[in-house]
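K.L.:
Provided below: work.cif, containing mmCIF, N, CA and C atoms; chains and numbers go by the auth columns.
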```cif
data_start
#
loop_
_atom_site.group_PDB
_atom_site.id
_atom_site.type_symbol
_atom_site.label_atom_id
_atom_site.label_comp_id
_atom_site.label_asym_id
_atom_site.label_seq_id
_atom_site.Cartn_x
_atom_site.Cartn_y
_atom_site.Cartn_z
_atom_site.B_iso_or_equiv
_atom_site.auth_seq_id
_atom_site.auth_asym_id
ATOM 1 N N MET A 1 48.309 62.021 -65.996 0.00 1 A
ATOM 2 C CA MET A 1 46.999 61.415 -66.016 0.00 1 A
ATOM 3 C C MET A 1 46.145 62.010 -64.896 0.00 1 A
ATOM 4 N N PHE A 2 44.854 62.105 -65.178 0.00 2 A
ATOM 5 C CA PHE A 2 43.916 62.690 -64.226 0.00 2 A
ATOM 6 C C PHE A 2 42.785 61.710 -63.956 0.00 2 A
ATOM 7 N N GLN A 3 42.323 61.716 -62.704 0.00 3 A
ATOM 8 C CA GLN A 3 41.256 60.814 -62.309 0.00 3 A
ATOM 9 C C GLN A 3 40.196 61.596 -61.538 0.00 3 A
ATOM 10 N N ILE A 4 38.938 61.211 -61.756 0.00 4 A
ATOM 11 C CA ILE A 4 37.834 61.817 -61.019 0.00 4 A
ATOM 12 C C ILE A 4 37.596 60.989 -59.761 0.00 4 A
ATOM 13 N N ILE A 5 37.492 61.673 -58.632 0.00 5 A
ATOM 14 C CA ILE A 5 37.210 61.042 -57.350 0.00 5 A
ATOM 15 C C ILE A 5 35.843 61.536 -56.890 0.00 5 A
ATOM 16 N N ARG A 6 34.939 60.605 -56.593 0.00 6 A
ATOM 17 C CA ARG A 6 33.627 60.992 -56.051 0.00 6 A
ATOM 18 C C ARG A 6 33.638 60.785 -54.550 0.00 6 A
ATOM 19 N N LEU A 7 33.440 61.887 -53.814 0.00 7 A
ATOM 20 C CA LEU A 7 33.345 61.843 -52.359 0.00 7 A
ATOM 21 C C LEU A 7 31.882 61.972 -51.975 0.00 7 A
ATOM 22 N N THR A 8 31.434 61.133 -51.059 0.00 8 A
ATOM 23 C CA THR A 8 30.068 61.179 -50.555 0.00 8 A
ATOM 24 C C THR A 8 30.123 61.667 -49.111 0.00 8 A
ATOM 25 N N PHE A 9 29.205 62.571 -48.748 0.00 9 A
ATOM 26 C CA PHE A 9 29.200 63.184 -47.420 0.00 9 A
ATOM 27 C C PHE A 9 27.953 62.783 -46.643 0.00 9 A
ATOM 28 N N ASP A 10 28.104 62.673 -45.316 0.00 10 A
ATOM 29 C CA ASP A 10 26.942 62.443 -44.465 0.00 10 A
ATOM 30 C C ASP A 10 26.295 63.790 -44.124 0.00 10 A
ATOM 31 N N ASP A 11 25.278 63.765 -43.295 0.00 11 A
ATOM 32 C CA ASP A 11 24.540 64.983 -42.956 0.00 11 A
ATOM 33 C C ASP A 11 25.372 65.997 -42.172 0.00 11 A
ATOM 34 N N ASP A 12 26.470 65.540 -41.557 0.00 12 A
ATOM 35 C CA ASP A 12 27.346 66.428 -40.791 0.00 12 A
ATOM 36 C C ASP A 12 28.511 66.966 -41.615 0.00 12 A
ATOM 37 N N GLY A 13 28.568 66.607 -42.903 0.00 13 A
ATOM 38 C CA GLY A 13 29.633 67.093 -43.771 0.00 13 A
ATOM 39 C C GLY A 13 30.903 66.259 -43.731 0.00 13 A
ATOM 40 N N ASN A 14 30.827 65.074 -43.155 0.00 14 A
ATOM 41 C CA ASN A 14 31.977 64.175 -43.104 0.00 14 A
ATOM 42 C C ASN A 14 31.973 63.252 -44.319 0.00 14 A
ATOM 43 N N VAL A 15 33.166 62.980 -44.855 0.00 15 A
ATOM 44 C CA VAL A 15 33.281 62.054 -45.978 0.00 15 A
ATOM 45 C C VAL A 15 32.987 60.647 -45.479 0.00 15 A
ATOM 46 N N ILE A 16 32.018 59.988 -46.122 0.00 16 A
ATOM 47 C CA ILE A 16 31.677 58.622 -45.722 0.00 16 A
ATOM 48 C C ILE A 16 32.047 57.600 -46.794 0.00 16 A
ATOM 49 N N ASN A 17 32.392 58.090 -47.991 0.00 17 A
ATOM 50 C CA ASN A 17 32.793 57.171 -49.056 0.00 17 A
ATOM 51 C C ASN A 17 33.651 57.926 -50.064 0.00 17 A
ATOM 52 N N ARG A 18 34.675 57.244 -50.548 0.00 18 A
ATOM 53 C CA ARG A 18 35.527 57.772 -51.611 0.00 18 A
ATOM 54 C C ARG A 18 35.564 56.718 -52.711 0.00 18 A
ATOM 55 N N ARG A 19 35.232 57.139 -53.918 0.00 19 A
ATOM 56 C CA ARG A 19 35.242 56.196 -55.042 0.00 19 A
ATOM 57 C C ARG A 19 36.030 56.791 -56.203 0.00 19 A
ATOM 58 N N ASP A 20 37.049 56.062 -56.647 0.00 20 A
ATOM 59 C CA ASP A 20 37.819 56.459 -57.820 0.00 20 A
ATOM 60 C C ASP A 20 37.027 56.058 -59.055 0.00 20 A
ATOM 61 N N LEU A 21 36.701 57.028 -59.886 0.00 21 A
ATOM 62 C CA LEU A 21 35.917 56.757 -61.083 0.00 21 A
ATOM 63 C C LEU A 21 36.831 56.509 -62.273 0.00 21 A
ATOM 64 N N GLN A 22 36.364 55.723 -63.201 0.00 22 A
ATOM 65 C CA GLN A 22 37.105 55.409 -64.417 0.00 22 A
ATOM 66 C C GLN A 22 36.411 56.079 -65.585 0.00 22 A
ATOM 67 N N PRO A 23 37.063 56.352 -66.653 0.00 23 A
ATOM 68 C CA PRO A 23 38.454 56.044 -66.988 0.00 23 A
ATOM 69 C C PRO A 23 39.384 57.148 -66.491 0.00 23 A
ATOM 70 N N LEU A 24 40.664 56.983 -66.765 0.00 24 A
ATOM 71 C CA LEU A 24 41.645 58.033 -66.534 0.00 24 A
ATOM 72 C C LEU A 24 41.661 58.953 -67.754 0.00 24 A
ATOM 73 N N PHE A 25 42.079 60.193 -67.544 0.00 25 A
ATOM 74 C CA PHE A 25 42.104 61.185 -68.616 0.00 25 A
ATOM 75 C C PHE A 25 43.505 61.757 -68.757 0.00 25 A
ATOM 76 N N GLU A 26 43.903 62.005 -69.990 0.00 26 A
ATOM 77 C CA GLU A 26 45.212 62.612 -70.234 0.00 26 A
ATOM 78 C C GLU A 26 45.190 64.113 -69.992 0.00 26 A
ATOM 79 N N LEU A 27 44.044 64.743 -70.204 0.00 27 A
ATOM 80 C CA LEU A 27 43.923 66.190 -70.042 0.00 27 A
ATOM 81 C C LEU A 27 42.999 66.536 -68.878 0.00 27 A
ATOM 82 N N ARG A 28 43.422 67.480 -68.050 0.00 28 A
ATOM 83 C CA ARG A 28 42.594 67.939 -66.927 0.00 28 A
ATOM 84 C C ARG A 28 41.247 68.457 -67.424 0.00 28 A
ATOM 85 N N GLU A 29 41.242 69.167 -68.547 0.00 29 A
ATOM 86 C CA GLU A 29 40.010 69.742 -69.083 0.00 29 A
ATOM 87 C C GLU A 29 38.976 68.663 -69.390 0.00 29 A
ATOM 88 N N HIS A 30 39.423 67.532 -69.924 0.00 30 A
ATOM 89 C CA HIS A 30 38.504 66.434 -70.220 0.00 30 A
ATOM 90 C C HIS A 30 37.947 65.830 -68.934 0.00 30 A
ATOM 91 N N ALA A 31 38.809 65.678 -67.945 0.00 31 A
ATOM 92 C CA ALA A 31 38.361 65.140 -66.658 0.00 31 A
ATOM 93 C C ALA A 31 37.354 66.084 -66.001 0.00 31 A
ATOM 94 N N MET A 32 37.594 67.385 -66.098 0.00 32 A
ATOM 95 C CA MET A 32 36.661 68.353 -65.505 0.00 32 A
ATOM 96 C C MET A 32 35.311 68.325 -66.210 0.00 32 A
ATOM 97 N N LEU A 33 35.301 68.160 -67.523 0.00 33 A
ATOM 98 C CA LEU A 33 34.035 68.059 -68.253 0.00 33 A
ATOM 99 C C LEU A 33 33.255 66.813 -67.818 0.00 33 A
ATOM 100 N N MET A 34 33.945 65.708 -67.632 0.00 34 A
ATOM 101 C CA MET A 34 33.270 64.485 -67.203 0.00 34 A
ATOM 102 C C MET A 34 32.816 64.587 -65.743 0.00 34 A
ATOM 103 N N ALA A 35 33.580 65.291 -64.918 0.00 35 A
ATOM 104 C CA ALA A 35 33.162 65.503 -63.527 0.00 35 A
ATOM 105 C C ALA A 35 31.882 66.340 -63.495 0.00 35 A
ATOM 106 N N ARG A 36 31.801 67.341 -64.349 0.00 36 A
ATOM 107 C CA ARG A 36 30.580 68.152 -64.440 0.00 36 A
ATOM 108 C C ARG A 36 29.407 67.284 -64.886 0.00 36 A
ATOM 109 N N SER A 37 29.641 66.434 -65.856 0.00 37 A
ATOM 110 C CA SER A 37 28.597 65.551 -66.345 0.00 37 A
ATOM 111 C C SER A 37 28.119 64.611 -65.239 0.00 37 A
ATOM 112 N N ALA A 38 29.042 64.065 -64.470 0.00 38 A
ATOM 113 C CA ALA A 38 28.680 63.176 -63.362 0.00 38 A
ATOM 114 C C ALA A 38 27.866 63.929 -62.318 0.00 38 A
ATOM 115 N N ALA A 39 28.272 65.164 -62.004 0.00 39 A
ATOM 116 C CA ALA A 39 27.550 65.973 -61.020 0.00 39 A
ATOM 117 C C ALA A 39 26.144 66.299 -61.501 0.00 39 A
ATOM 118 N N SER A 40 26.007 66.614 -62.764 0.00 40 A
ATOM 119 C CA SER A 40 24.690 66.995 -63.297 0.00 40 A
ATOM 120 C C SER A 40 23.750 65.803 -63.409 0.00 40 A
ATOM 121 N N GLY A 41 24.283 64.604 -63.400 0.00 41 A
ATOM 122 C CA GLY A 41 23.466 63.409 -63.567 0.00 41 A
ATOM 123 C C GLY A 41 22.834 62.878 -62.293 0.00 41 A
ATOM 124 N N LEU A 42 22.992 63.577 -61.171 0.00 42 A
ATOM 125 C CA LEU A 42 22.469 63.073 -59.900 0.00 42 A
ATOM 126 C C LEU A 42 21.040 63.524 -59.612 0.00 42 A
ATOM 127 N N TRP A 43 20.399 64.225 -60.512 0.00 43 A
ATOM 128 C CA TRP A 43 18.999 64.641 -60.382 0.00 43 A
ATOM 129 C C TRP A 43 18.776 65.616 -59.247 0.00 43 A
ATOM 130 N N GLY A 44 19.808 66.367 -58.888 0.00 44 A
ATOM 131 C CA GLY A 44 19.671 67.391 -57.860 0.00 44 A
ATOM 132 C C GLY A 44 20.411 68.629 -58.300 0.00 44 A
ATOM 133 N N ASP A 45 20.705 69.494 -57.347 0.00 45 A
ATOM 134 C CA ASP A 45 21.480 70.698 -57.645 0.00 45 A
ATOM 135 C C ASP A 45 22.937 70.340 -57.863 0.00 45 A
ATOM 136 N N PHE A 46 23.620 71.143 -58.682 0.00 46 A
ATOM 137 C CA PHE A 46 25.067 70.982 -58.827 0.00 46 A
ATOM 138 C C PHE A 46 25.665 72.341 -59.149 0.00 46 A
ATOM 139 N N ARG A 47 26.939 72.504 -58.783 0.00 47 A
ATOM 140 C CA ARG A 47 27.628 73.766 -59.047 0.00 47 A
ATOM 141 C C ARG A 47 29.131 73.539 -58.988 0.00 47 A
ATOM 142 N N TYR A 48 29.847 74.486 -59.566 0.00 48 A
ATOM 143 C CA TYR A 48 31.310 74.438 -59.512 0.00 48 A
ATOM 144 C C TYR A 48 31.771 75.218 -58.291 0.00 48 A
ATOM 145 N N ASP A 49 32.695 74.660 -57.532 0.00 49 A
ATOM 146 C CA ASP A 49 33.260 75.289 -56.350 0.00 49 A
ATOM 147 C C ASP A 49 34.619 75.876 -56.741 0.00 49 A
ATOM 148 N N GLU A 50 34.663 77.189 -56.915 0.00 50 A
ATOM 149 C CA GLU A 50 35.903 77.862 -57.337 0.00 50 A
ATOM 150 C C GLU A 50 37.034 77.677 -56.325 0.00 50 A
ATOM 151 N N GLU A 51 36.703 77.744 -55.048 0.00 51 A
ATOM 152 C CA GLU A 51 37.726 77.648 -54.009 0.00 51 A
ATOM 153 C C GLU A 51 38.417 76.288 -54.008 0.00 51 A
ATOM 154 N N ARG A 52 37.640 75.214 -54.135 0.00 52 A
ATOM 155 C CA ARG A 52 38.193 73.857 -54.104 0.00 52 A
ATOM 156 C C ARG A 52 38.489 73.299 -55.492 0.00 52 A
ATOM 157 N N ARG A 53 38.048 74.030 -56.536 0.00 53 A
ATOM 158 C CA ARG A 53 38.254 73.626 -57.924 0.00 53 A
ATOM 159 C C ARG A 53 37.684 72.232 -58.187 0.00 53 A
ATOM 160 N N CYS A 54 36.409 72.051 -57.822 0.00 54 A
ATOM 161 C CA CYS A 54 35.728 70.785 -58.023 0.00 54 A
ATOM 162 C C CYS A 54 34.234 71.039 -58.218 0.00 54 A
ATOM 163 N N TRP A 55 33.498 69.996 -58.543 0.00 55 A
ATOM 164 C CA TRP A 55 32.050 70.077 -58.704 0.00 55 A
ATOM 165 C C TRP A 55 31.372 69.494 -57.476 0.00 55 A
ATOM 166 N N TRP A 56 30.322 70.189 -57.017 0.00 56 A
ATOM 167 C CA TRP A 56 29.473 69.722 -55.925 0.00 56 A
ATOM 168 C C TRP A 56 28.136 69.337 -56.511 0.00 56 A
ATOM 169 N N ALA A 57 27.474 68.371 -55.900 0.00 57 A
ATOM 170 C CA ALA A 57 26.138 67.984 -56.347 0.00 57 A
ATOM 171 C C ALA A 57 25.374 67.391 -55.173 0.00 57 A
ATOM 172 N N SER A 58 24.056 67.389 -55.324 0.00 58 A
ATOM 173 C CA SER A 58 23.204 66.669 -54.383 0.00 58 A
ATOM 174 C C SER A 58 22.269 65.788 -55.194 0.00 58 A
ATOM 175 N N ASP A 59 21.855 64.678 -54.600 0.00 59 A
ATOM 176 C CA ASP A 59 20.925 63.809 -55.301 0.00 59 A
ATOM 177 C C ASP A 59 19.494 64.147 -54.865 0.00 59 A
ATOM 178 N N SER A 60 18.533 63.389 -55.340 0.00 60 A
ATOM 179 C CA SER A 60 17.128 63.686 -55.060 0.00 60 A
ATOM 180 C C SER A 60 16.770 63.507 -53.586 0.00 60 A
ATOM 181 N N ARG A 61 17.607 62.812 -52.824 0.00 61 A
ATOM 182 C CA ARG A 61 17.382 62.629 -51.380 0.00 61 A
ATOM 183 C C ARG A 61 18.113 63.664 -50.546 0.00 61 A
ATOM 184 N N GLY A 62 18.897 64.531 -51.199 0.00 62 A
ATOM 185 C CA GLY A 62 19.628 65.569 -50.476 0.00 62 A
ATOM 186 C C GLY A 62 21.041 65.201 -50.083 0.00 62 A
ATOM 187 N N ARG A 63 21.494 63.998 -50.392 0.00 63 A
ATOM 188 C CA ARG A 63 22.869 63.598 -50.077 0.00 63 A
ATOM 189 C C ARG A 63 23.833 64.431 -50.913 0.00 63 A
ATOM 190 N N GLN A 64 24.938 64.836 -50.306 0.00 64 A
ATOM 191 C CA GLN A 64 25.920 65.705 -50.951 0.00 64 A
ATOM 192 C C GLN A 64 27.111 64.905 -51.474 0.00 64 A
ATOM 193 N N TYR A 65 27.601 65.340 -52.641 0.00 65 A
ATOM 194 C CA TYR A 65 28.751 64.706 -53.287 0.00 65 A
ATOM 195 C C TYR A 65 29.711 65.790 -53.772 0.00 65 A
ATOM 196 N N ARG A 66 30.973 65.426 -53.835 0.00 66 A
ATOM 197 C CA ARG A 66 31.996 66.290 -54.431 0.00 66 A
ATOM 198 C C ARG A 66 32.729 65.456 -55.472 0.00 66 A
ATOM 199 N N PHE A 67 32.932 66.030 -56.653 0.00 67 A
ATOM 200 C CA PHE A 67 33.675 65.381 -57.728 0.00 67 A
ATOM 201 C C PHE A 67 34.980 66.144 -57.916 0.00 67 A
ATOM 202 N N VAL A 68 36.063 65.516 -57.496 0.00 68 A
ATOM 203 C CA VAL A 68 37.387 66.129 -57.491 0.00 68 A
ATOM 204 C C VAL A 68 38.222 65.493 -58.602 0.00 68 A
ATOM 205 N N VAL A 69 38.982 66.311 -59.315 0.00 69 A
ATOM 206 C CA VAL A 69 39.908 65.803 -60.323 0.00 69 A
ATOM 207 C C VAL A 69 41.310 65.821 -59.715 0.00 69 A
ATOM 208 N N GLU A 70 41.910 64.639 -59.619 0.00 70 A
ATOM 209 C CA GLU A 70 43.255 64.515 -59.056 0.00 70 A
ATOM 210 C C GLU A 70 44.264 64.271 -60.164 0.00 70 A
ATOM 211 N N ASP A 71 45.401 64.924 -60.030 0.00 71 A
ATOM 212 C CA ASP A 71 46.518 64.743 -60.955 0.00 71 A
ATOM 213 C C ASP A 71 47.352 63.569 -60.450 0.00 71 A
ATOM 214 N N LEU A 72 47.233 62.430 -61.103 0.00 72 A
ATOM 215 C CA LEU A 72 47.953 61.237 -60.671 0.00 72 A
ATOM 216 C C LEU A 72 49.446 61.361 -60.896 0.00 72 A
ATOM 217 N N THR A 73 49.842 62.136 -61.878 0.00 73 A
ATOM 218 C CA THR A 73 51.274 62.343 -62.150 0.00 73 A
ATOM 219 C C THR A 73 51.928 63.056 -60.977 0.00 73 A
ATOM 220 N N ALA A 74 51.268 64.089 -60.450 0.00 74 A
ATOM 221 C CA ALA A 74 51.814 64.837 -59.311 0.00 74 A
ATOM 222 C C ALA A 74 51.890 63.943 -58.070 0.00 74 A
ATOM 223 N N ALA A 75 50.886 63.091 -57.879 0.00 75 A
ATOM 224 C CA ALA A 75 50.880 62.171 -56.743 0.00 75 A
ATOM 225 C C ALA A 75 52.036 61.164 -56.858 0.00 75 A
ATOM 226 N N ASP A 76 52.316 60.693 -58.078 0.00 76 A
ATOM 227 C CA ASP A 76 53.419 59.747 -58.285 0.00 76 A
ATOM 228 C C ASP A 76 54.762 60.395 -57.976 0.00 76 A
ATOM 229 N N MET A 77 54.909 61.666 -58.327 0.00 77 A
ATOM 230 C CA MET A 77 56.173 62.366 -58.103 0.00 77 A
ATOM 231 C C MET A 77 56.385 62.618 -56.608 0.00 77 A
ATOM 232 N N ALA A 78 55.312 62.794 -55.851 0.00 78 A
ATOM 233 C CA ALA A 78 55.429 63.070 -54.425 0.00 78 A
ATOM 234 C C ALA A 78 55.767 61.797 -53.633 0.00 78 A
ATOM 235 N N ALA A 79 55.450 60.639 -54.175 0.00 79 A
ATOM 236 C CA ALA A 79 55.677 59.376 -53.463 0.00 79 A
ATOM 237 C C ALA A 79 57.124 58.964 -53.473 0.00 79 A
#
```
Could you render the structure from this file as structure tokens?
P.N.:
Amino acid sequence: MFQIIRLTFDDDGNVINRRDLQPLFELREHAMLMARSAASGLWGDFRYDEERRCWWASDSRGRQYRFVVEDLTAADMAA
């Protein structure tokens, strides 16, 4: 299972909020498509970050967000 995590950053680039978004997805590809959709819906710039394998976005006020897809199955196996 895969979950989209929305990270919100302050002006210094520090994470100030982490929000687990619903629903969960069985396929990473579906989660990535929804993460792109969430990033594009913020009325600002958005792009895919190849290095971190996630979507970045900014809203109309300039606040920065990262939409990360986490593999919950891998996290369960590590615990």
K.L.:
Once the PyMOL selection byres ((chain A and resi 26) around 6) has been applied to the shown file, what residues remain in the selection, as a short mmCIF file (atom, residue, chain, number, x, y, z; two decimals) with N, CA and C atoms, keeping the file's coordinate frame?
P.N.:
```cif
data_model
loop_
_atom_site.label_atom_id
_atom_site.label_comp_id
_atom_site.auth_asym_id
_atom_site.auth_seq_id
_atom_site.Cartn_x
_atom_site.Cartn_y
_atom_site.Cartn_z
N MET A 1 48.31 62.02 -66.00
CA MET A 1 47.00 61.42 -66.02
C MET A 1 46.14 62.01 -64.90
N PHE A 2 44.85 62.10 -65.18
CA PHE A 2 43.92 62.69 -64.23
C PHE A 2 42.78 61.71 -63.96
N LEU A 24 40.66 56.98 -66.76
CA LEU A 24 41.64 58.03 -66.53
C LEU A 24 41.66 58.95 -67.75
N PHE A 25 42.08 60.19 -67.54
CA PHE A 25 42.10 61.18 -68.62
C PHE A 25 43.50 61.76 -68.76
N LEU A 27 44.04 64.74 -70.20
CA LEU A 27 43.92 66.19 -70.04
C LEU A 27 43.00 66.54 -68.88
N ARG A 28 43.42 67.48 -68.05
CA ARG A 28 42.59 67.94 -66.93
C ARG A 28 41.25 68.46 -67.42
#
```
K.L.:
Which of chain A counts as strand (DSSP E) under DSSP, as a ChimeraX atom specification please?
P.N.:
/A:2-9,15-25,46-49,54-58,64-71
K.L.:
Go through A:Glu51, A:Gly44, A:Thr73, A:Phe67 and flag the residue nearest Leu7 (chain A), using only N, CA and C atoms for the distances.
P.N.:
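When distances to Leu7 (chain A) are compared using only N, CA and C atoms, the smallest one comes from A:Phe67.
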K.L.:
Calculated over all atoms listed in the file, which of the candidates A:Asp20, A:Asp10, A:Asp59, A:Glu29 has the smallest distance to Trp43 (chain A)?
P.N.:
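When distances to Trp43 (chain A) are compared using all atoms listed in the file, the smallest one comes from A:Asp59.
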K.L.:
So the first atom is atom N of Ile5 (chain A) and the second is atom C of Arg18 (chain A); what is the distance between them in Å, to one decimal place?
P.N.:
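Spanning atom N of Ile5 (chain A) to atom C of Arg18 (chain A) is a straight-line distance of 8.0 Å.
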K.L.:
To one decimal place, how far is atom N of Phe9 (chain A) from CA of His30 (chain A) in Å?
P.N.:
23.7 Å
